[in-house]
file run23.cif (mmCIF, C-alpha atoms)
data_input
loop_
_atom_site.label_atom_id
_atom_site.label_comp_id
_atom_site.auth_asym_id
_atom_site.auth_seq_id
_atom_site.Cartn_x
_atom_site.Cartn_y
_atom_site.Cartn_z
CA MET A 12 -21.41 14.56 -62.20
CA ILE A 13 -18.68 12.59 -60.41
CA SER A 14 -20.34 9.28 -59.59
CA GLU A 15 -20.54 6.01 -57.67
CA LYS A 16 -17.46 5.69 -55.40
CA LYS A 17 -17.34 8.57 -52.94
CA VAL A 18 -14.94 11.31 -53.96
CA THR A 19 -12.74 11.97 -50.95
CA VAL A 20 -10.25 14.80 -50.59
CA ILE A 21 -7.42 13.91 -48.22
CA ALA A 22 -5.43 16.78 -46.72
CA LEU A 23 -2.09 15.53 -45.45
CA GLY A 24 -0.27 17.22 -42.58
CA GLY A 25 3.43 18.02 -42.59
CA ASN A 26 4.35 14.82 -40.73
CA ALA A 27 3.22 12.86 -43.80
CA ILE A 28 6.36 14.01 -45.62
CA LEU A 29 8.86 15.27 -43.05
CA LYS A 30 8.96 14.59 -39.31
CA PRO A 31 10.23 16.97 -36.60
CA GLY A 32 13.99 16.79 -36.12
CA GLN A 33 14.73 15.38 -39.55
CA ARG A 34 17.13 17.19 -41.87
CA GLY A 35 14.89 16.73 -44.88
CA THR A 36 17.03 14.54 -47.11
CA PHE A 37 15.36 12.94 -50.10
CA ASP A 38 15.69 9.48 -48.53
CA GLU A 39 14.05 10.66 -45.29
CA GLN A 40 11.16 12.20 -47.16
CA MET A 41 10.67 9.15 -49.39
CA ALA A 42 10.55 6.87 -46.33
CA ASN A 43 7.85 9.07 -44.77
CA VAL A 44 5.92 9.25 -48.03
CA LYS A 45 5.94 5.46 -48.25
CA THR A 46 4.34 5.18 -44.80
CA THR A 47 1.74 7.75 -45.84
CA CYS A 48 1.02 6.07 -49.17
CA GLU A 49 0.46 2.73 -47.46
CA GLN A 50 -2.59 4.29 -45.80
CA LEU A 51 -3.74 5.84 -49.07
CA ALA A 52 -3.32 2.53 -50.88
CA GLN A 53 -5.65 0.87 -48.36
CA MET A 54 -8.34 3.41 -49.21
CA VAL A 55 -7.93 2.71 -52.91
CA GLU A 56 -7.92 -1.08 -52.37
CA SER A 57 -11.22 -0.88 -50.47
CA GLY A 58 -12.90 0.10 -53.73
CA ARG A 59 -15.11 2.62 -51.93
CA TYR A 60 -13.34 5.90 -52.58
CA LYS A 61 -12.02 8.04 -55.40
CA ILE A 62 -9.23 9.98 -53.75
CA VAL A 63 -7.80 13.43 -54.36
CA ILE A 64 -4.72 14.18 -52.27
CA THR A 65 -3.48 17.54 -51.10
CA HIS A 66 -0.51 18.23 -48.83
CA GLY A 67 1.61 20.76 -46.98
CA ASN A 68 4.94 22.05 -48.27
CA GLY A 69 6.36 24.31 -45.55
CA PRO A 70 9.75 22.62 -45.00
CA GLN A 71 10.24 22.01 -48.72
CA VAL A 72 9.55 25.62 -49.70
CA GLY A 73 11.71 26.74 -46.78
CA ASN A 74 14.61 24.71 -48.15
CA ILE A 75 14.07 26.04 -51.68
CA LEU A 76 14.08 29.61 -50.34
CA LEU A 77 17.25 28.88 -48.38
CA GLN A 78 18.88 27.46 -51.52
CA ASN A 79 17.84 30.64 -53.35
CA GLU A 80 19.41 32.76 -50.65
CA THR A 81 22.73 30.93 -50.46
CA SER A 82 23.20 30.65 -54.24
CA LYS A 83 21.84 34.03 -55.31
CA GLU A 84 25.24 35.19 -56.60
CA VAL A 85 25.44 32.34 -59.14
CA ALA A 86 21.78 31.48 -59.89
CA ALA A 87 18.86 33.89 -60.11
CA PRO A 88 16.46 33.40 -57.16
CA MET A 89 12.81 32.72 -57.93
CA PRO A 90 9.71 34.41 -56.44
CA LEU A 91 7.95 32.67 -53.54
CA TYR A 92 5.01 31.58 -55.71
CA VAL A 93 7.41 29.89 -58.15
CA CYS A 94 9.06 28.09 -55.22
CA GLY A 95 5.58 26.83 -54.33
CA ALA A 96 5.21 25.41 -57.84
CA GLN A 97 8.61 23.71 -57.52
CA SER A 98 7.58 22.09 -54.24
CA GLN A 99 4.34 20.79 -55.78
CA GLY A 100 6.37 18.99 -58.44
CA LEU A 101 8.87 17.60 -55.92
CA ILE A 102 6.28 16.22 -53.49
CA GLY A 103 3.94 15.10 -56.25
CA TYR A 104 6.72 13.07 -57.85
CA MET A 105 7.51 11.29 -54.59
CA MET A 106 3.87 10.52 -53.87
CA GLN A 107 2.73 9.42 -57.29
CA GLN A 108 5.71 7.11 -57.79
CA THR A 109 5.45 5.57 -54.33
CA LEU A 110 1.69 5.11 -54.52
CA HIS A 111 1.99 3.50 -57.95
CA ASN A 112 4.61 1.04 -56.68
CA LEU A 113 2.45 0.06 -53.70
CA LEU A 114 -0.67 -0.40 -55.83
CA ALA A 115 1.28 -2.37 -58.44
CA GLN A 116 2.28 -4.85 -55.73
CA LYS A 117 -1.45 -5.40 -55.17
CA GLY A 118 -2.22 -5.86 -58.85
CA LYS A 119 -3.65 -2.34 -59.23
CA GLY A 120 -0.77 -0.72 -61.09
CA SER A 121 -3.06 0.29 -63.96
CA ILE A 122 -4.73 3.02 -61.91
CA PRO A 123 -3.52 6.37 -63.31
CA ILE A 124 -1.95 8.81 -60.83
CA ALA A 125 -1.26 12.44 -61.73
CA THR A 126 0.05 15.54 -60.01
CA VAL A 127 -1.60 18.79 -61.10
CA VAL A 128 0.42 21.97 -60.61
CA THR A 129 -2.42 23.93 -59.05
CA GLN A 130 -3.13 27.64 -59.00
CA VAL A 131 -5.56 29.03 -56.42
CA VAL A 132 -7.36 32.29 -57.06
CA VAL A 133 -7.31 34.89 -54.28
CA ASP A 134 -8.72 38.41 -54.10
CA SER A 135 -6.13 41.15 -54.58
CA LYS A 136 -8.22 43.23 -52.17
CA ASP A 137 -8.14 40.57 -49.43
CA ARG A 138 -7.32 42.29 -46.13
CA ALA A 139 -4.46 39.83 -45.62
CA PHE A 140 -2.43 41.82 -48.16
CA GLN A 141 -2.55 44.80 -45.81
CA ASN A 142 -1.36 42.73 -42.85
CA PRO A 143 1.21 40.04 -43.77
CA THR A 144 1.55 37.50 -40.94
CA LYS A 145 2.92 34.22 -42.36
CA PRO A 146 6.68 33.70 -41.74
CA VAL A 147 8.58 32.17 -44.66
CA GLY A 148 12.17 31.37 -45.53
CA PRO A 149 15.41 31.72 -43.60
CA PHE A 150 16.19 33.67 -40.44
CA TYR A 151 18.15 36.92 -40.62
CA ASP A 152 19.74 39.22 -38.10
CA GLU A 153 18.03 42.58 -37.73
CA GLU A 154 20.45 44.42 -40.00
CA GLN A 155 20.00 41.92 -42.84
CA ALA A 156 16.23 42.01 -42.41
CA LYS A 157 16.10 45.79 -42.59
CA ILE A 158 18.21 45.77 -45.78
CA LEU A 159 15.77 43.31 -47.39
CA GLU A 160 12.87 45.46 -46.25
CA ARG A 161 14.45 48.55 -47.78
CA GLU A 162 15.84 47.03 -50.99
CA LYS A 163 13.24 44.38 -51.85
CA GLY A 164 10.15 45.74 -50.14
CA TYR A 165 9.84 42.67 -47.91
CA HIS A 166 7.75 42.80 -44.77
CA VAL A 167 9.94 41.53 -41.93
CA ARG A 168 9.24 40.65 -38.32
CA GLU A 169 11.12 39.35 -35.31
CA ASP A 170 10.16 35.71 -34.76
CA ALA A 171 9.95 34.58 -31.12
CA GLY A 172 13.52 35.49 -30.22
CA ARG A 173 14.96 33.28 -32.97
CA GLY A 174 15.79 36.06 -35.42
CA TRP A 175 14.05 38.06 -38.12
CA ARG A 176 12.04 36.57 -40.96
CA ARG A 177 10.10 37.67 -43.96
CA VAL A 178 6.31 37.58 -43.50
CA VAL A 179 3.81 37.33 -46.34
CA PRO A 180 0.01 37.58 -46.64
CA SER A 181 -2.23 34.55 -46.06
CA PRO A 182 -5.35 35.34 -48.14
CA ASP A 183 -8.52 33.27 -48.31
CA PRO A 184 -8.81 30.85 -51.26
CA ILE A 185 -11.62 31.68 -53.68
CA GLU A 186 -11.32 29.05 -56.42
CA ILE A 187 -9.12 26.19 -57.57
CA PHE A 188 -8.26 27.38 -61.07
CA GLU A 189 -7.60 23.86 -62.42
CA LYS A 190 -10.79 22.44 -60.88
CA GLU A 191 -12.30 21.32 -64.19
CA ALA A 192 -9.13 19.46 -65.20
CA ILE A 193 -9.02 17.78 -61.78
CA ARG A 194 -12.70 16.79 -62.02
CA GLN A 195 -12.13 15.23 -65.42
CA LEU A 196 -9.16 13.23 -64.12
CA VAL A 197 -11.20 11.97 -61.17
CA GLU A 198 -14.08 10.99 -63.46
CA ALA A 199 -11.55 9.06 -65.57
CA ARG A 200 -10.63 7.06 -62.41
CA SER A 201 -7.32 8.82 -61.83
CA ILE A 202 -5.87 9.46 -58.40
CA VAL A 203 -5.02 13.16 -58.33
CA ILE A 204 -2.47 15.06 -56.22
CA ALA A 205 -3.40 18.74 -56.27
CA SER A 206 -3.23 22.12 -54.54
CA GLY A 207 -0.03 21.25 -52.68
CA GLY A 208 0.99 23.71 -49.98
CA GLY A 209 -2.30 25.57 -50.27
CA GLY A 210 -1.79 26.05 -54.01
CA ILE A 211 0.06 28.74 -55.96
CA PRO A 212 -1.66 32.04 -55.09
CA ILE A 213 -2.79 33.96 -58.17
CA VAL A 214 -4.93 37.01 -58.85
CA ARG A 215 -7.00 37.86 -61.91
CA GLU A 216 -6.08 41.18 -63.51
CA ASP A 217 -6.95 42.60 -66.95
CA GLY A 218 -8.18 39.22 -68.15
CA GLY A 219 -4.99 37.39 -67.14
CA LEU A 220 -3.57 35.43 -64.21
CA PHE A 221 -0.61 36.59 -62.13
CA GLY A 222 1.24 34.94 -59.25
CA VAL A 223 1.51 36.75 -55.93
CA ASP A 224 3.88 36.20 -53.02
CA ALA A 225 1.56 34.77 -50.37
CA VAL A 226 0.85 31.51 -48.53
CA ILE A 227 -2.70 30.13 -48.46
CA ASP A 228 -3.57 27.97 -45.46
CA LYS A 229 -3.40 24.40 -46.77
CA ASP A 230 -6.49 23.20 -44.88
CA LEU A 231 -8.64 26.06 -46.18
CA ALA A 232 -7.31 25.44 -49.70
CA GLY A 233 -8.05 21.74 -49.20
CA GLU A 234 -11.65 22.58 -48.33
CA ARG A 235 -11.92 24.76 -51.44
CA LEU A 236 -10.56 21.85 -53.49
CA ALA A 237 -13.05 19.46 -51.90
CA VAL A 238 -15.97 21.73 -52.78
CA ASP A 239 -14.71 22.44 -56.30
CA VAL A 240 -14.35 18.73 -57.15
CA GLU A 241 -17.74 17.91 -55.56
CA ALA A 242 -16.26 15.65 -52.88
CA LYS A 243 -18.53 13.91 -50.39
CA ILE A 244 -15.83 13.44 -47.74
CA PHE A 245 -13.06 15.80 -46.60
CA LEU A 246 -10.43 13.97 -44.54
CA ILE A 247 -7.88 16.13 -42.71
CA LEU A 248 -4.89 14.17 -41.42
CA THR A 249 -2.71 15.65 -38.70
CA ASP A 250 -0.59 14.48 -35.75
CA VAL A 251 -3.40 13.86 -33.23
CA GLU A 252 -6.13 11.24 -33.40
CA GLN A 253 -9.02 13.44 -32.27
CA VAL A 254 -10.01 17.06 -31.86
CA LYS A 255 -9.95 18.01 -28.17
CA LEU A 256 -12.22 20.35 -26.24
CA ASN A 257 -10.62 22.31 -23.38
CA TYR A 258 -7.23 21.25 -24.72
CA LYS A 259 -4.45 20.95 -22.12
CA THR A 260 -6.79 21.66 -19.20
CA PRO A 261 -8.14 19.30 -16.51
CA GLN A 262 -11.42 19.31 -18.48
CA GLU A 263 -9.81 18.09 -21.72
CA LYS A 264 -12.11 15.77 -23.67
CA GLY A 265 -11.83 14.06 -27.04
CA LEU A 266 -14.55 14.82 -29.57
CA SER A 267 -15.66 11.84 -31.66
CA HIS A 268 -18.61 13.47 -33.42
CA ALA A 269 -20.13 16.92 -33.74
CA THR A 270 -22.97 18.37 -35.73
CA LEU A 271 -22.31 21.48 -37.77
CA GLU A 272 -23.99 23.67 -35.17
CA GLU A 273 -22.00 22.11 -32.34
CA ALA A 274 -18.73 22.54 -34.23
CA LYS A 275 -19.53 26.19 -34.91
CA ARG A 276 -20.30 26.74 -31.23
CA TYR A 277 -17.06 25.09 -30.07
CA HIS A 278 -15.13 27.17 -32.62
CA ALA A 279 -16.76 30.40 -31.44
CA GLU A 280 -15.97 29.48 -27.81
CA GLY A 281 -12.25 29.42 -28.68
CA HIS A 282 -11.49 25.74 -28.04
CA PHE A 283 -9.02 25.47 -30.94
CA ALA A 284 -5.54 26.99 -31.15
CA LYS A 285 -4.82 29.49 -33.91
CA GLY A 286 -2.38 28.18 -36.48
CA SER A 287 -2.93 24.62 -35.27
CA MET A 288 -6.35 23.00 -34.89
CA GLU A 289 -8.40 26.15 -35.52
CA PRO A 290 -7.96 26.31 -39.34
CA LYS A 291 -8.68 22.57 -39.57
CA VAL A 292 -11.98 22.92 -37.72
CA ARG A 293 -12.81 26.07 -39.70
CA ALA A 294 -12.14 24.20 -42.96
CA ALA A 295 -14.32 21.29 -41.81
CA ILE A 296 -17.16 23.68 -40.94
CA ARG A 297 -16.93 25.39 -44.32
CA PHE A 298 -17.04 22.04 -46.11
CA ILE A 299 -20.25 20.95 -44.37
CA GLU A 300 -21.81 24.39 -44.87
CA SER A 301 -21.07 24.03 -48.60
CA GLY A 302 -22.98 20.75 -48.82
CA GLY A 303 -20.30 18.19 -47.96
CA GLU A 304 -21.41 14.93 -46.38
CA ARG A 305 -18.66 14.32 -43.81
CA ALA A 306 -15.56 16.16 -42.61
CA ILE A 307 -13.12 14.07 -40.58
CA ILE A 308 -10.06 15.12 -38.59
CA THR A 309 -7.68 12.42 -37.37
CA SER A 310 -4.10 11.18 -37.38
CA LEU A 311 -2.42 9.64 -40.39
CA ASP A 312 -2.18 6.18 -38.82
CA ARG A 313 -5.95 6.11 -38.08
CA ALA A 314 -7.10 7.38 -41.47
CA VAL A 315 -8.73 4.15 -42.64
CA ASP A 316 -10.38 3.57 -39.24
CA ALA A 317 -11.70 7.13 -39.25
CA LEU A 318 -13.35 6.66 -42.64
CA GLU A 319 -15.16 3.68 -41.12
CA GLY A 320 -16.25 5.73 -38.09
CA LYS A 321 -13.89 3.96 -35.68
CA ALA A 322 -11.53 6.88 -34.92
CA GLY A 323 -11.08 10.60 -35.28
CA THR A 324 -13.54 13.46 -35.11
CA THR A 325 -16.39 13.47 -37.62
CA ILE A 326 -18.45 16.58 -38.36
CA THR A 327 -21.75 16.22 -40.20
CA ASN A 328 -24.84 18.29 -40.83
#
call {"tool": "encode", "arguments": {"input": "run23.cif", "output": "structure tokens"}}
result
Amino acid sequence: MISEKKVTVIALGGNAILKPGQRGTFDEQMANVKTTCEQLAQMVESGRYKIVITHGNGPQVGNILLQNETSKEVAAPMPLYVCGAQSQGLIGYMMQQTLHNLLAQKGKGSIPIATVVTQVVVDSKDRAFQNPTKPVGPFYDEEQAKILEREKGYHVREDAGRGWRRVVPSPDPIEIFEKEAIRQLVEARSIVIASGGGGIPIVREDGGLFGVDAVIDKDLAGERLAVDVEAKIFLILTDVEQVKLNYKTPQEKGLSHATLEEAKRYHAEGHFAKGSMEPKVRAAIRFIESGGERAIITSLDRAVDALEGKAGTTITN
């Protein structure tokens, strides 16, 4: 069993690595990662938590796919799931180096930090494979999109008047394949960065593992990670401090605490926007249903306060 300090899985939103309007240079991303890691370092310094970090990767994978597209005549492009693995290494490198440097300044540079390239098992019969919905990669005009559909078997869709894009399935995560390795690292007092971007989707076939072109929702994968490493706390960091009921209406109200039953009722009543707050609340509900102690949703800059019950939205049994 993972013991004493509370194991806490922290799911970072996209603004932890790249902010809206930025080009995505390495220097921009490193500056954002430093701000993020300052919050994480405070959690480590408190001595109360063993942290496992997971993160988004949308802009990074988008850039890798764009690089694939523009250089395809001189370098062989990689499948989407391989691009996901590349992004895990890129973001993991930035985070583990930055976090080490910050902890070293506080005399805690001996704490091991490791990034685990993480595969996440999905069901090949998941209904999402029959209805791809997640846009990925560059925009195309309609003619280009139809050629890709015909020649590569891509599913393509017009995207809000901005052009055509490839869409891929978004299946439900079943299991973190590297969960035992991650548990052992946590038990050995390592800080672990895992399941980046929702993990690399894989299926089991004929006794082996095989990557599939899909995108798993990062919050749902984060919840699966939290359960698989026996975390007590699941902390989802996003760009708002609190979950809101009746969002953007005259009746809007911040939610500081909800029981599991209350959260399920609010979810069923449709208070949370699809593709935004809804998967975060759904992930929090799943975590508590699976035996978790606390699920918290808040903004990055209030993370430490939220762990102490002074900010954010906390869901408990």
call {"tool": "resolve_selection", "arguments": {"input": "run23.cif", "expression": "the PyMOL selection byres ((chain A and resi 302) around 12)", "output": "PDB file with C-alpha atoms, in the coordinates of the input"}}
result
ATOM      1  CA  GLU A 234     -11.650  22.580 -48.330  1.00  0.00           C
ATOM      2  CA  ALA A 237     -13.050  19.460 -51.900  1.00  0.00           C
ATOM      3  CA  VAL A 238     -15.970  21.730 -52.780  1.00  0.00           C
ATOM      4  CA  ASP A 239     -14.710  22.440 -56.300  1.00  0.00           C
ATOM      5  CA  GLU A 241     -17.740  17.910 -55.560  1.00  0.00           C
ATOM      6  CA  ALA A 242     -16.260  15.650 -52.880  1.00  0.00           C
ATOM      7  CA  LYS A 243     -18.530  13.910 -50.390  1.00  0.00           C
ATOM      8  CA  ILE A 244     -15.830  13.440 -47.740  1.00  0.00           C
ATOM      9  CA  PHE A 245     -13.060  15.800 -46.600  1.00  0.00           C
ATOM     10  CA  LEU A 271     -22.310  21.480 -37.770  1.00  0.00           C
ATOM     11  CA  ALA A 295     -14.320  21.290 -41.810  1.00  0.00           C
ATOM     12  CA  ILE A 296     -17.160  23.680 -40.940  1.00  0.00           C
ATOM     13  CA  ARG A 297     -16.930  25.390 -44.320  1.00  0.00           C
ATOM     14  CA  PHE A 298     -17.040  22.040 -46.110  1.00  0.00           C
ATOM     15  CA  ILE A 299     -20.250  20.950 -44.370  1.00  0.00           C
ATOM     16  CA  GLU A 300     -21.810  24.390 -44.870  1.00  0.00           C
ATOM     17  CA  SER A 301     -21.070  24.030 -48.600  1.00  0.00           C
ATOM     18  CA  GLY A 303     -20.300  18.190 -47.960  1.00  0.00           C
ATOM     19  CA  GLU A 304     -21.410  14.930 -46.380  1.00  0.00           C
ATOM     20  CA  ARG A 305     -18.660  14.320 -43.810  1.00  0.00           C
ATOM     21  CA  ALA A 306     -15.560  16.160 -42.610  1.00  0.00           C
ATOM     22  CA  THR A 327     -21.750  16.220 -40.200  1.00  0.00           C
ATOM     23  CA  ASN A 328     -24.840  18.290 -40.830  1.00  0.00           C
TER      24      ASN A 328
END
call {"tool": "residues_near_point", "arguments": {"input": "run23.cif", "point": "(-22.9, 11.1, -57.5)", "cutoff": "12 Å", "atoms": "all atoms listed in the file", "output": "short mmCIF file (atom, residue, chain, number, x, y, z; two decimals) with C-alpha atoms, in the coordinates of the input"}}
result
data_model
loop_
_atom_site.label_atom_id
_atom_site.label_comp_id
_atom_site.auth_asym_id
_atom_site.auth_seq_id
_atom_site.Cartn_x
_atom_site.Cartn_y
_atom_site.Cartn_z
CA MET A 12 -21.41 14.56 -62.20
CA ILE A 13 -18.68 12.59 -60.41
CA SER A 14 -20.34 9.28 -59.59
CA GLU A 15 -20.54 6.01 -57.67
CA LYS A 16 -17.46 5.69 -55.40
CA LYS A 17 -17.34 8.57 -52.94
CA VAL A 18 -14.94 11.31 -53.96
CA TYR A 60 -13.34 5.90 -52.58
CA LYS A 61 -12.02 8.04 -55.40
CA GLU A 198 -14.08 10.99 -63.46
CA VAL A 240 -14.35 18.73 -57.15
CA GLU A 241 -17.74 17.91 -55.56
CA ALA A 242 -16.26 15.65 -52.88
CA LYS A 243 -18.53 13.91 -50.39
CA GLU A 304 -21.41 14.93 -46.38
#
call {"tool": "closest_residue", "arguments": {"input": "run23.cif", "among": "A:Leu114, A:Ala199, A:Leu311, A:Leu220", "to": "Asn26 in chain A", "atoms": "all atoms listed in the file"}}
result
A:Leu311
call {"tool": "resolve_selection", "arguments": {"input": "run23.cif", "expression": "the PyMOL selection byres ((chain A and resi 121) around 12)", "output": "ChimeraX atom specification"}}
result
/A:110-120,122-124,200-202
call {"tool": "atom_distance", "arguments": {"input": "run23.cif", "atom1": "CA of Thr129 in chain A", "atom2": "CA of Asp183 in chain A"}}
result
15.5 Å
call {"tool": "resolve_selection", "arguments": {"input": "run23.cif", "expression": "the PyMOL selection byres ((chain A and resi 155) around 12)", "output": "MDAnalysis selection string"}}
result
chainID A and resid 149:154 156:163 165 167:169 174:177
call {"tool": "write_last_selection", "arguments": {"input": "run23.cif", "atoms": "C-alpha atoms", "output": "tab-separated table (two decimals), in the frame of the given file"}}
result
chain	number	residue	atom	x	y	z
A	149	PRO	CA	15.41	31.72	-43.60
A	150	PHE	CA	16.19	33.67	-40.44
A	151	TYR	CA	18.15	36.92	-40.62
A	152	ASP	CA	19.74	39.22	-38.10
A	153	GLU	CA	18.03	42.58	-37.73
A	154	GLU	CA	20.45	44.42	-40.00
A	156	ALA	CA	16.23	42.01	-42.41
A	157	LYS	CA	16.10	45.79	-42.59
A	158	ILE	CA	18.21	45.77	-45.78
A	159	LEU	CA	15.77	43.31	-47.39
A	160	GLU	CA	12.87	45.46	-46.25
A	161	ARG	CA	14.45	48.55	-47.78
A	162	GLU	CA	15.84	47.03	-50.99
A	163	LYS	CA	13.24	44.38	-51.85
A	165	TYR	CA	9.84	42.67	-47.91
A	167	VAL	CA	9.94	41.53	-41.93
A	168	ARG	CA	9.24	40.65	-38.32
A	169	GLU	CA	11.12	39.35	-35.31
A	174	GLY	CA	15.79	36.06	-35.42
A	175	TRP	CA	14.05	38.06	-38.12
A	176	ARG	CA	12.04	36.57	-40.96
A	177	ARG	CA	10.10	37.67	-43.96
call {"tool": "atom_distance", "arguments": {"input": "run23.cif", "atom1": "CA of Gly35 in chain A", "atom2": "CA of Val178 in chain A"}}
result
22.6 Å
call {"tool": "atom_distance", "arguments": {"input": "run23.cif", "atom1": "CA of Pro184 in chain A", "atom2": "CA of Gly209 in chain A"}}
result
8.4 Å
call {"tool": "closest_residue", "arguments": {"input": "run23.cif", "among": "A:Gln71, A:Thr47, A:Ser57, A:Thr270", "to": "Ser310 in chain A", "atoms": "all atoms listed in the file"}}
result
A:Thr47
call {"tool": "closest_residue", "arguments": {"input": "run23.cif", "among": "A:Val226, A:Leu246, A:Thr19, A:Thr144", "to": "Gly73 in chain A", "atoms": "all atoms listed in the file"}}
result
A:Val226
call {"tool": "closest_residue", "arguments": {"input": "run23.cif", "among": "A:Thr325, A:Asn257, A:Thr81, A:Ser287", "to": "Gly148 in chain A", "atoms": "all atoms listed in the file"}}
result
A:Thr81
call {"tool": "residues_near_point", "arguments": {"input": "run23.cif", "point": "(3.6, 21.9, -54.8)", "cutoff": "7 Å", "atoms": "only C-alpha atoms", "output": "list in words"}}
result
Asn68, Gly95, Ala96, Gln97, Ser98, Gln99, Gly100, Leu101, Ile102, Gly103, Val128, Ser206, Gly207, Gly208 and Gly210 of chain A
call {"tool": "residues_around", "arguments": {"input": "run23.cif", "residues": "Tyr92 in chain A", "least_positions_apart": "5", "cutoff": "7 Å", "atoms": "all atoms listed in the file", "output": "PDB file with C-alpha atoms, in the frame of the given file"}}
result
ATOM      1  CA  ILE A 211       0.060  28.740 -55.960  1.00  0.00           C
ATOM      2  CA  PRO A 212      -1.660  32.040 -55.090  1.00  0.00           C
ATOM      3  CA  GLY A 222       1.240  34.940 -59.250  1.00  0.00           C
ATOM      4  CA  VAL A 223       1.510  36.750 -55.930  1.00  0.00           C
ATOM      5  CA  ASP A 224       3.880  36.200 -53.020  1.00  0.00           C
TER       6      ASP A 224
END
call {"tool": "closest_residue", "arguments": {"input": "run23.cif", "among": "A:Lys145, A:Pro290, A:Asp316, A:Asp250", "to": "Leu29 in chain A", "atoms": "only C-alpha atoms"}}
result
A:Asp250
call {"tool": "axis_aligned_box", "arguments": {"input": "run23.cif", "around": "range 151-165 of chain A", "padding_each_side": "3 Å", "output": "JSON"}}
result
{"center_x": 15.1, "center_y": 42.7, "center_z": -44.8, "size_x": 16.6, "size_y": 17.6, "size_z": 20.1}
call {"tool": "closest_residue", "arguments": {"input": "run23.cif", "among": "A:Met41, A:Leu248, A:Ala86, A:Val63", "to": "Thr109 in chain A", "atoms": "only C-alpha atoms"}}
result
A:Met41
call {"tool": "decode", "arguments": {"input": "run23.cif", "residues": "range 253-267 of chain A", "atoms": "N, CA and C atoms", "output": "PDB file, in the first residue's frame"}}
result
ATOM      1  N   GLN A 253     -13.600  28.342  -9.450  1.00  0.00           N
ATOM      2  CA  GLN A 253     -14.668  27.499  -8.904  1.00  0.00           C
ATOM      3  C   GLN A 253     -15.581  27.017 -10.004  1.00  0.00           C
ATOM      4  N   VAL A 254     -16.187  25.863  -9.782  1.00  0.00           N
ATOM      5  CA  VAL A 254     -17.274  25.395 -10.630  1.00  0.00           C
ATOM      6  C   VAL A 254     -18.481  26.311 -10.408  1.00  0.00           C
ATOM      7  N   LYS A 255     -19.180  26.630 -11.489  1.00  0.00           N
ATOM      8  CA  LYS A 255     -20.352  27.510 -11.392  1.00  0.00           C
ATOM      9  C   LYS A 255     -21.625  26.750 -11.753  1.00  0.00           C
ATOM     10  N   LEU A 256     -22.675  27.011 -10.983  1.00  0.00           N
ATOM     11  CA  LEU A 256     -24.020  26.555 -11.343  1.00  0.00           C
ATOM     12  C   LEU A 256     -24.700  27.674 -12.116  1.00  0.00           C
ATOM     13  N   ASN A 257     -25.559  27.293 -13.064  1.00  0.00           N
ATOM     14  CA  ASN A 257     -26.277  28.283 -13.895  1.00  0.00           C
ATOM     15  C   ASN A 257     -25.293  29.263 -14.537  1.00  0.00           C
ATOM     16  N   TYR A 258     -24.219  28.701 -15.087  1.00  0.00           N
ATOM     17  CA  TYR A 258     -23.124  29.505 -15.645  1.00  0.00           C
ATOM     18  C   TYR A 258     -23.627  30.488 -16.708  1.00  0.00           C
ATOM     19  N   LYS A 259     -23.146  31.718 -16.594  1.00  0.00           N
ATOM     20  CA  LYS A 259     -23.476  32.806 -17.534  1.00  0.00           C
ATOM     21  C   LYS A 259     -24.973  33.096 -17.598  1.00  0.00           C
ATOM     22  N   THR A 260     -25.651  32.966 -16.470  1.00  0.00           N
ATOM     23  CA  THR A 260     -27.047  33.381 -16.352  1.00  0.00           C
ATOM     24  C   THR A 260     -27.143  34.307 -15.138  1.00  0.00           C
ATOM     25  N   PRO A 261     -28.244  35.025 -14.997  1.00  0.00           N
ATOM     26  CA  PRO A 261     -28.411  35.884 -13.806  1.00  0.00           C
ATOM     27  C   PRO A 261     -28.370  35.100 -12.495  1.00  0.00           C
ATOM     28  N   GLN A 262     -28.608  33.788 -12.575  1.00  0.00           N
ATOM     29  CA  GLN A 262     -28.619  32.944 -11.365  1.00  0.00           C
ATOM     30  C   GLN A 262     -27.262  32.281 -11.104  1.00  0.00           C
ATOM     31  N   GLU A 263     -26.226  32.706 -11.821  1.00  0.00           N
ATOM     32  CA  GLU A 263     -24.914  32.075 -11.663  1.00  0.00           C
ATOM     33  C   GLU A 263     -24.450  32.099 -10.208  1.00  0.00           C
ATOM     34  N   LYS A 264     -23.914  30.965  -9.758  1.00  0.00           N
ATOM     35  CA  LYS A 264     -23.470  30.851  -8.363  1.00  0.00           C
ATOM     36  C   LYS A 264     -22.268  29.927  -8.282  1.00  0.00           C
ATOM     37  N   GLY A 265     -21.229  30.366  -7.571  1.00  0.00           N
ATOM     38  CA  GLY A 265     -20.065  29.518  -7.352  1.00  0.00           C
ATOM     39  C   GLY A 265     -20.381  28.385  -6.404  1.00  0.00           C
ATOM     40  N   LEU A 266     -19.734  27.245  -6.628  1.00  0.00           N
ATOM     41  CA  LEU A 266     -19.973  26.052  -5.820  1.00  0.00           C
ATOM     42  C   LEU A 266     -18.694  25.730  -5.054  1.00  0.00           C
ATOM     43  N   SER A 267     -18.725  25.897  -3.735  1.00  0.00           N
ATOM     44  CA  SER A 267     -17.521  25.644  -2.943  1.00  0.00           C
ATOM     45  C   SER A 267     -17.414  24.186  -2.505  1.00  0.00           C
TER      46      SER A 267
END
